[in-house]
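S.K.: Dropping in my_file-v2.pdb, which is PDB, C-alpha atoms and all ligand atoms:
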```pdb
ATOM      1  CA  MET A  29       0.000   0.000   0.000
ATOM      2  CA  LEU A  30       2.741   2.454   0.974
ATOM      3  CA  ALA A  31       4.585   1.965  -2.338
ATOM      4  CA  GLN A  32       1.466   3.251  -4.087
ATOM      5  CA  GLU A  33       1.258   6.315  -1.842
ATOM      6  CA  PRO A  34       1.422   9.114  -4.481
ATOM      7  CA  ILE A  35      -1.047   7.302  -6.761
ATOM      8  CA  LEU A  36      -3.424   6.668  -3.845
ATOM      9  CA  ARG A  37      -3.362  10.319  -2.768
ATOM     10  CA  LEU A  38      -3.795  11.689  -6.286
ATOM     11  CA  GLY A  39      -6.466   9.110  -7.196
ATOM     12  CA  PHE A  40      -8.637   9.885  -4.144
ATOM     13  CA  PHE A  41      -8.069  13.636  -4.552
ATOM     14  CA  LEU A  42      -9.060  13.821  -8.228
ATOM     15  CA  GLY A  43     -11.838  11.219  -7.916
ATOM     16  CA  ILE A  44     -13.532  12.904  -4.968
ATOM     17  CA  LEU A  45     -13.038  16.452  -6.283
ATOM     18  CA  GLY A  46     -14.552  15.415  -9.634
ATOM     19  CA  ALA A  47     -17.488  13.650  -7.978
ATOM     20  CA  LEU A  48     -18.200  16.661  -5.753
ATOM     21  CA  LEU A  49     -18.045  19.164  -8.639
ATOM     22  CA  VAL A  50     -20.634  17.004 -10.453
ATOM     23  CA  ALA A  51     -22.756  16.683  -7.284
ATOM     24  CA  GLU A  52     -22.659  20.484  -6.913
ATOM     25  CA  ARG A  53     -24.440  20.714 -10.288
ATOM     26  CA  LEU A  54     -26.936  17.925  -9.555
ATOM     27  CA  ALA A  55     -27.938  18.943  -6.009
ATOM     28  CA  PRO A  56     -26.670  22.513  -5.615
ATOM     29  CA  TRP A  57     -26.665  24.736  -2.580
ATOM     30  CA  ARG A  58     -27.066  28.333  -3.849
ATOM     31  CA  VAL A  59     -26.596  28.569  -7.601
ATOM     32  CA  ASN A  60     -25.308  32.138  -7.621
ATOM     33  CA  ARG A  61     -21.582  31.931  -8.471
ATOM     34  CA  PRO A  62     -20.452  35.391  -9.617
ATOM     35  CA  LEU A  63     -16.757  34.486  -9.944
ATOM     36  CA  GLY A  64     -17.436  31.240 -11.809
ATOM     37  CA  ALA A  65     -14.718  28.682 -12.520
ATOM     38  CA  ARG A  66     -11.984  31.381 -12.383
ATOM     39  CA  ARG A  67     -12.064  30.974  -8.608
ATOM     40  CA  TRP A  68     -10.877  27.378  -8.984
ATOM     41  CA  LEU A  69      -7.571  28.474 -10.540
ATOM     42  CA  HIS A  70      -6.785  30.689  -7.572
ATOM     43  CA  ASN A  71      -7.909  28.231  -4.885
ATOM     44  CA  ILE A  72      -6.126  25.281  -6.495
ATOM     45  CA  GLY A  73      -3.117  27.513  -7.236
ATOM     46  CA  LEU A  74      -2.814  28.228  -3.511
ATOM     47  CA  LEU A  75      -2.938  24.467  -2.797
ATOM     48  CA  ALA A  76      -0.219  23.877  -5.406
ATOM     49  CA  MET A  77       2.014  26.504  -3.772
ATOM     50  CA  GLY A  78       1.467  24.910  -0.371
ATOM     51  CA  SER A  79       2.379  21.487  -1.750
ATOM     52  CA  VAL A  80       5.564  22.878  -3.310
ATOM     53  CA  ALA A  81       6.449  24.623  -0.024
ATOM     54  CA  VAL A  82       6.113  21.320   1.872
ATOM     55  CA  ARG A  83       8.248  19.519  -0.755
ATOM     56  CA  LEU A  84      10.978  22.144  -0.369
ATOM     57  CA  VAL A  85      10.940  22.603   3.423
ATOM     58  CA  VAL A  86       9.952  19.198   4.846
ATOM     59  CA  PRO A  87       9.847  16.664   1.994
ATOM     60  CA  ALA A  88       9.470  13.697   4.375
ATOM     61  CA  ALA A  89       6.433  15.356   6.029
ATOM     62  CA  ALA A  90       4.193  13.469   8.475
ATOM     63  CA  MET A  91       4.716  10.085   6.775
ATOM     64  CA  GLY A  92       8.494  10.517   7.069
ATOM     65  CA  ALA A  93       8.136  11.341  10.764
ATOM     66  CA  ALA A  94       6.049   8.176  11.232
ATOM     67  CA  PHE A  95       8.690   6.059   9.457
ATOM     68  CA  TRP A  96      11.385   7.617  11.658
ATOM     69  CA  ALA A  97       9.445   6.790  14.845
ATOM     70  CA  GLN A  98       8.664   3.277  13.584
ATOM     71  CA  SER A  99      12.322   2.476  12.847
ATOM     72  CA  ARG A 100      13.220   3.396  16.452
ATOM     73  CA  GLU A 101      10.060   1.989  18.084
ATOM     74  CA  PHE A 102       9.569   5.480  19.481
ATOM     75  CA  GLY A 103       6.296   6.810  20.884
ATOM     76  CA  VAL A 104       3.209   5.889  22.904
ATOM     77  CA  PHE A 105       1.847   3.094  20.680
ATOM     78  CA  PRO A 106       5.069   1.006  20.592
ATOM     79  CA  ALA A 107       5.499   1.582  24.352
ATOM     80  CA  LEU A 108       2.016   0.116  24.906
ATOM     81  CA  GLY A 109       2.745  -2.706  22.466
ATOM     82  CA  LEU A 110      -0.454  -2.027  20.512
ATOM     83  CA  PRO A 111      -0.989  -4.036  17.299
ATOM     84  CA  LEU A 112      -1.358  -2.422  13.868
ATOM     85  CA  TRP A 113      -5.090  -3.194  13.617
ATOM     86  CA  ALA A 114      -5.587  -0.961  16.669
ATOM     87  CA  THR A 115      -3.037   1.757  15.970
ATOM     88  CA  ILE A 116      -4.285   2.596  12.443
ATOM     89  CA  PRO A 117      -7.826   3.601  13.558
ATOM     90  CA  LEU A 118      -6.451   5.166  16.768
ATOM     91  CA  THR A 119      -4.100   7.314  14.663
ATOM     92  CA  VAL A 120      -7.001   8.493  12.493
ATOM     93  CA  VAL A 121      -9.220   9.389  15.487
ATOM     94  CA  LEU A 122      -6.472  11.009  17.587
ATOM     95  CA  LEU A 123      -5.130  13.108  14.688
ATOM     96  CA  ASP A 124      -8.712  14.222  14.029
ATOM     97  CA  LEU A 125      -8.972  15.340  17.684
ATOM     98  CA  LEU A 126      -5.611  17.104  17.362
ATOM     99  CA  ILE A 127      -6.629  19.131  14.317
ATOM    100  CA  TYR A 128      -9.915  20.041  16.002
ATOM    101  CA  PHE A 129      -7.829  21.794  18.677
ATOM    102  CA  GLN A 130      -5.333  23.086  16.122
ATOM    103  CA  HIS A 131      -8.262  24.694  14.297
ATOM    104  CA  ARG A 132      -9.495  26.337  17.541
ATOM    105  CA  VAL A 133      -6.006  27.724  18.204
ATOM    106  CA  PHE A 134      -5.848  29.139  14.641
ATOM    107  CA  HIS A 135      -9.060  31.015  15.408
ATOM    108  CA  ALA A 136      -7.985  32.157  18.876
ATOM    109  CA  LEU A 137      -4.473  33.560  18.293
ATOM    110  CA  PRO A 138      -4.447  36.745  16.174
ATOM    111  CA  TRP A 139      -1.280  35.957  14.159
ATOM    112  CA  LEU A 140      -2.551  32.471  13.313
ATOM    113  CA  TRP A 141      -5.991  33.845  12.472
ATOM    114  CA  ARG A 142      -4.306  36.102   9.856
ATOM    115  CA  LEU A 143      -3.120  32.938   8.097
ATOM    116  CA  HIS A 144      -6.358  30.980   8.541
ATOM    117  CA  ARG A 145      -8.398  34.068   7.525
ATOM    118  CA  VAL A 146      -7.257  33.475   3.922
ATOM    119  CA  HIS A 147      -9.383  30.303   3.963
ATOM    120  CA  HIS A 148     -12.363  32.032   5.561
ATOM    121  CA  ALA A 149     -12.319  35.035   3.202
ATOM    122  CA  ASP A 150     -13.676  32.951   0.296
ATOM    123  CA  THR A 151     -16.894  34.728  -0.664
ATOM    124  CA  GLU A 152     -18.269  31.645  -2.369
ATOM    125  CA  MET A 153     -18.053  28.115  -1.114
ATOM    126  CA  ASP A 154     -17.519  24.896  -3.007
ATOM    127  CA  ALA A 155     -15.243  21.855  -2.865
ATOM    128  CA  THR A 156     -12.233  24.009  -3.857
ATOM    129  CA  THR A 157     -12.675  26.148  -0.713
ATOM    130  CA  GLY A 158     -11.549  23.018   1.150
ATOM    131  CA  LEU A 159      -8.192  23.304  -0.649
ATOM    132  CA  ARG A 160      -7.687  27.021  -0.100
ATOM    133  CA  PHE A 161      -5.200  27.381   2.750
ATOM    134  CA  HIS A 162      -2.221  29.731   2.961
ATOM    135  CA  PRO A 163       1.099  27.864   2.318
ATOM    136  CA  VAL A 164       2.429  28.943   5.738
ATOM    137  CA  GLU A 165      -0.674  27.458   7.416
ATOM    138  CA  ILE A 166      -0.098  24.231   5.461
ATOM    139  CA  LEU A 167       3.549  24.138   6.610
ATOM    140  CA  LEU A 168       2.587  24.721  10.251
ATOM    141  CA  SER A 169      -0.011  21.928   9.988
ATOM    142  CA  VAL A 170       2.644  19.566   8.644
ATOM    143  CA  PHE A 171       4.996  20.378  11.561
ATOM    144  CA  ILE A 172       2.175  19.724  14.062
ATOM    145  CA  LYS A 173       1.298  16.405  12.398
ATOM    146  CA  MET A 174       4.981  15.380  12.343
ATOM    147  CA  ALA A 175       5.295  16.054  16.080
ATOM    148  CA  ALA A 176       2.093  14.102  16.751
ATOM    149  CA  ALA A 177       3.186  11.171  14.568
ATOM    150  CA  VAL A 178       6.468  10.917  16.502
ATOM    151  CA  ALA A 179       4.849  11.334  19.946
ATOM    152  CA  LEU A 180       2.270   8.631  19.193
ATOM    153  CA  GLY A 181       4.644   6.386  17.288
ATOM    154  CA  ALA A 182       1.867   6.403  14.709
ATOM    155  CA  PRO A 183       2.115   3.802  11.928
ATOM    156  CA  PRO A 184       2.769   5.339   8.457
ATOM    157  CA  GLU A 185      -0.351   3.530   7.170
ATOM    158  CA  GLY A 186      -2.453   5.343   9.794
ATOM    159  CA  VAL A 187      -0.948   8.727   8.914
ATOM    160  CA  LEU A 188      -1.561   8.126   5.197
ATOM    161  CA  ALA A 189      -5.160   7.021   5.859
ATOM    162  CA  PHE A 190      -5.735  10.132   7.956
ATOM    163  CA  GLU A 191      -4.262  12.490   5.351
ATOM    164  CA  ILE A 192      -6.325  10.996   2.521
ATOM    165  CA  LEU A 193      -9.448  11.138   4.699
ATOM    166  CA  LEU A 194      -8.757  14.735   5.770
ATOM    167  CA  ASN A 195      -8.278  15.856   2.175
ATOM    168  CA  ALA A 196     -11.541  14.133   1.182
ATOM    169  CA  SER A 197     -13.553  15.422   4.142
ATOM    170  CA  SER A 198     -12.262  18.958   3.669
ATOM    171  CA  MET A 199     -13.522  18.991   0.058
ATOM    172  CA  PHE A 200     -16.813  17.307   1.103
ATOM    173  CA  GLU A 201     -17.714  19.656   3.954
ATOM    174  CA  HIS A 202     -17.040  22.753   1.818
ATOM    175  CA  ALA A 203     -18.983  21.405  -1.174
ATOM    176  CA  ALA A 204     -21.951  23.516  -2.325
ATOM    177  CA  ILE A 205     -24.317  20.557  -2.186
ATOM    178  CA  THR A 206     -27.639  20.018  -0.468
ATOM    179  CA  LEU A 207     -28.008  16.580   1.061
ATOM    180  CA  PRO A 208     -31.495  15.102   1.598
ATOM    181  CA  PRO A 209     -32.538  16.363   5.089
ATOM    182  CA  ARG A 210     -32.764  12.900   6.619
ATOM    183  CA  VAL A 211     -29.353  11.886   5.252
ATOM    184  CA  ASP A 212     -27.851  15.134   6.545
ATOM    185  CA  ALA A 213     -29.411  14.649   9.993
ATOM    186  CA  ALA A 214     -28.123  11.067  10.207
ATOM    187  CA  LEU A 215     -24.594  11.972   9.040
ATOM    188  CA  ARG A 216     -24.411  14.915  11.463
ATOM    189  CA  GLN A 217     -24.581  12.487  14.369
ATOM    190  CA  LEU A 218     -21.136  11.233  13.404
ATOM    191  CA  ILE A 219     -19.424  13.595  10.956
ATOM    192  CA  ILE A 220     -19.307  17.255   9.944
ATOM    193  CA  THR A 221     -21.612  17.759   6.938
ATOM    194  CA  PRO A 222     -21.581  20.673   4.458
ATOM    195  CA  SER A 223     -24.624  22.259   6.140
ATOM    196  CA  LEU A 224     -22.834  22.226   9.523
ATOM    197  CA  HIS A 225     -19.517  23.479   8.177
ATOM    198  CA  ARG A 226     -21.104  26.361   6.223
ATOM    199  CA  ILE A 227     -22.109  27.877   9.584
ATOM    200  CA  HIS A 228     -18.365  27.983  10.361
ATOM    201  CA  HIS A 229     -17.901  30.194   7.257
ATOM    202  CA  SER A 230     -20.493  32.758   8.353
ATOM    203  CA  GLU A 231     -19.500  36.410   8.498
ATOM    204  CA  ARG A 232     -20.798  36.469  12.101
ATOM    205  CA  ARG A 233     -17.865  35.862  14.436
ATOM    206  CA  GLU A 234     -19.830  33.784  16.962
ATOM    207  CA  GLU A 235     -20.877  31.454  14.133
ATOM    208  CA  THR A 236     -17.335  31.285  12.717
ATOM    209  CA  ASP A 237     -16.135  30.265  16.169
ATOM    210  CA  SER A 238     -18.200  27.058  16.111
ATOM    211  CA  ASN A 239     -18.179  23.711  14.268
ATOM    212  CA  PHE A 240     -14.380  23.379  14.234
ATOM    213  CA  GLY A 241     -14.310  19.656  13.414
ATOM    214  CA  PHE A 242     -12.966  18.253  10.148
ATOM    215  CA  ASN A 243     -14.113  14.646  10.230
ATOM    216  CA  LEU A 244     -15.964  13.674  13.404
ATOM    217  CA  SER A 245     -18.669  15.969  14.786
ATOM    218  CA  VAL A 246     -18.285  14.397  18.249
ATOM    219  CA  TRP A 247     -15.460  16.789  19.218
ATOM    220  CA  ASP A 248     -17.673  19.854  18.757
ATOM    221  CA  ARG A 249     -20.409  18.081  20.727
ATOM    222  CA  ILE A 250     -18.066  17.077  23.574
ATOM    223  CA  PHE A 251     -16.337  20.464  23.838
ATOM    224  CA  GLY A 252     -19.486  22.561  23.411
ATOM    225  CA  THR A 253     -18.732  24.222  20.073
ATOM    226  CA  LEU A 254     -21.432  22.570  17.955
ATOM    227  CA  ARG A 255     -23.911  24.992  16.332
ATOM    228  CA  ARG A 256     -26.786  23.394  14.434
ATOM    229  CA  GLU A 257     -28.369  26.496  12.824
ATOM    230  CA  HIS A 258     -27.256  29.922  11.655
ATOM    231  CA  GLN A 259     -29.170  33.167  12.209
ATOM    232  CA  GLY A 260     -30.964  34.767   9.280
ATOM    233  CA  ARG A 261     -29.466  34.534   5.807
ATOM    234  CA  LEU A 262     -25.968  33.072   5.833
ATOM    235  CA  THR A 263     -23.362  35.517   4.479
ATOM    236  CA  LEU A 264     -20.080  33.833   3.631
ATOM    237  CA  GLY A 265     -16.582  35.257   3.864
ATOM    238  CA  ILE A 266     -15.023  38.275   5.530
ATOM    239  CA  GLY A 267     -16.328  41.601   4.283
ATOM    240  CA  ALA A 268     -13.000  43.459   4.369
ATOM    241  CA  TYR A 269     -11.375  40.836   2.101
ATOM    242  CA  GLY A 270     -14.385  40.121  -0.041
ATOM    243  CA  SER A 271     -13.785  41.919  -3.348
ATOM    244  CA  PRO A 272     -13.215  39.887  -6.548
ATOM    245  CA  ARG A 273      -9.613  41.223  -6.570
ATOM    246  CA  ASP A 274      -9.094  39.866  -3.035
ATOM    247  CA  GLN A 275      -9.824  36.353  -4.345
ATOM    248  CA  ARG A 276      -6.805  36.436  -6.712
ATOM    249  CA  LEU A 277      -3.855  34.164  -5.957
ATOM    250  CA  ASP A 278      -1.375  37.041  -5.490
ATOM    251  CA  GLN A 279      -3.771  38.787  -3.087
ATOM    252  CA  LEU A 280      -4.408  35.569  -1.149
ATOM    253  CA  LEU A 281      -0.655  35.164  -0.616
ATOM    254  CA  ILE A 282      -0.187  38.646   0.880
ATOM    255  CA  GLN A 283      -3.521  38.775   2.730
ATOM    256  CA  PRO A 284      -1.992  37.746   6.139
ATOM    257  CA  LEU A 285       0.172  40.903   6.000
ATOM    258  CA  ARG A 286      -2.830  43.181   5.463
ATOM    259  CA  ASP A 287      -4.840  44.872   8.202
TER     260      ASP A 287
HETATM  261 ZN    ZN A 301     -11.821  27.938  10.441
END
```
I need this file expressed as structure tokens, please.
Ligand SMILES: [Zn+2]

M.R.:
Amino acid sequence: MLAQEPILRLGFFLGILGALLVAERLAPWRVNRPLGARRWLHNIGLLAMGSVAVRLVVPAAAMGAAFWAQSREFGVFPALGLPLWATIPLTVVLLDLLIYFQHRVFHALPWLWRLHRVHHADTEMDATTGLRFHPVEILLSVFIKMAAAVALGAPPEGVLAFEILLNASSMFEHAAITLPPRVDAALRQLIITPSLHRIHHSERREETDSNFGFNLSVWDRIFGTLRREHQGRLTLGIGAYGSPRDQRLDQLLIQPLRD
């Protein structure tokens, strides 16, 4: 499985992105898209720059950290002698909990919010919003995941499964789709659905500071940050960074430096 890693990642990424872009036409949420497909170039361009930055700065990334820990039997899982069938799902769930808190910290600390704000300033929302993160935020996320992989002694298979799942769930929860109400209600019990995550992209700060989860919705429920409804009509984005020019790749890159 690990030998096929790049193919697996790319296959899931393109397959799920393609399926969601089709689903957004078949069962759309809001059909008004003033910026059209141009937006995709800028959002995916930002993802490409983040991927290049990781390749240049920490090419081994979280998987490399997991291999390093594995070769030295370092970390909590080896110390407990847990078998692979237990450590793979544990890695996925614990990394999901970690990024729930990472996400809360990125909202709480002003200098990290400047980076994460680039993601929130998208005035439209679709699957490509789930790819729009500032390269520095992507790098910081990789460092955090590397530290976690070493501390846990997480198996590389678990880290890979988590990263593929996170990429898929990020595109899914930002997708401009409307799920059948009963399906949405059932899924919400376990995972963050698009209707829940859209509340997180509201212009209202108290709504933005809720529904922090990426995969499981249980963390928001346990830690009291789950919000099931938004007030009035949902306005997406951040007004001060909401012009069409602000959505350009060059402007997204410098946005953290702006006041
Ligand atoms: Zn956020």

S.K.: So what does the PyMOL selection byres (((chain A and resi 56-72) around 10) and not hetatm) actually pick up in this one, as an NGL selection string?

M.R.: :A and (49-55 or 73-78 or 147 or 150-162 or 203-207 or 222-223 or 272 or 275-280)

S.K.: Using the file's own x, y and z axes, what box holds all listed atoms of segment 154-172 of chain A with 5 Å on each side, keeping edges along x, y and z, and what are its centre and edge lengths in Å to one decimal, as AutoDock Vina command-line options?

M.R.:
```
--center_x -6.3 --center_y 24.6 --center_z 5.1 --size_x 32.5 --size_y 20.2 --size_z 27.9
```

S.K.: So which residues are near ligand ZN 301 (chain A), meaning at most 8 Å away with only C-alpha atoms and all ligand atoms counted, given back as a list in words?

M.R.: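 What falls inside 8 Å of ligand ZN 301 (chain A) is His131, Arg132, Phe134, His135, His144, Arg145, His147, His148, His228, His229, Thr236, Asp237 and Phe240 of chain A.
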
S.K.: Using atom CA of Arg232 of chain A and atom CA of Gln130 of chain A as the two end points, give the distance in Å to one decimal.

M.R.: 20.8 Å

S.K.: I'd like the interatomic distance between atom CA of Gly267 of chain A and atom CA of Glu231 of chain A, to a tenth of an Å.

M.R.: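 If I compute the distance from atom CA of Gly267 of chain A to atom CA of Glu231 of chain A, I get 7.4 Å.
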
S.K.: For Phe41 of chain A, find every residue with an atom within 9 Å (counting all atoms listed in the file), except residues of its own chain fewer than 3 positions away, and show them as an mmCIF file with C-alpha atoms, keeping the file's coordinate frame.

M.R.:
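As written to disk, result.cif reads:
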```cif
data_model
loop_
_atom_site.group_PDB
_atom_site.id
_atom_site.type_symbol
_atom_site.label_atom_id
_atom_site.label_comp_id
_atom_site.auth_asym_id
_atom_site.auth_seq_id
_atom_site.Cartn_x
_atom_site.Cartn_y
_atom_site.Cartn_z
ATOM 1 C CA LEU A 36 -3.424 6.668 -3.845
ATOM 2 C CA ARG A 37 -3.362 10.319 -2.768
ATOM 3 C CA LEU A 38 -3.795 11.689 -6.286
ATOM 4 C CA ILE A 44 -13.532 12.904 -4.968
ATOM 5 C CA LEU A 45 -13.038 16.452 -6.283
ATOM 6 C CA GLY A 46 -14.552 15.415 -9.634
ATOM 7 C CA ILE A 192 -6.325 10.996 2.521
ATOM 8 C CA ASN A 195 -8.278 15.856 2.175
ATOM 9 C CA ALA A 196 -11.541 14.133 1.182
ATOM 10 C CA MET A 199 -13.522 18.991 0.058
#
```

S.K.: Counting all atoms listed in the file, which residue out of A:Pro284, A:Ile219, A:Arg210, A:Ile127 sits closest to Ile172 of chain A?

M.R.: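 Under the stated criterion, the closest residue is A:Ile127.
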
S.K.: Find the residue from A:Arg142, A:Arg216, A:Arg286, A:Arg83 that sits nearest to Leu254 of chain A; use all atoms listed in the file when measuring.

M.R.: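 For Leu254 of chain A, the nearest of the given residues is A:Arg216.
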
S.K.: Measure the distance from atom CA of Thr115 of chain A to atom CA of Asn239 of chain A in Å and round it to one decimal.

M.R.: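 So the answer is 26.7 Å.
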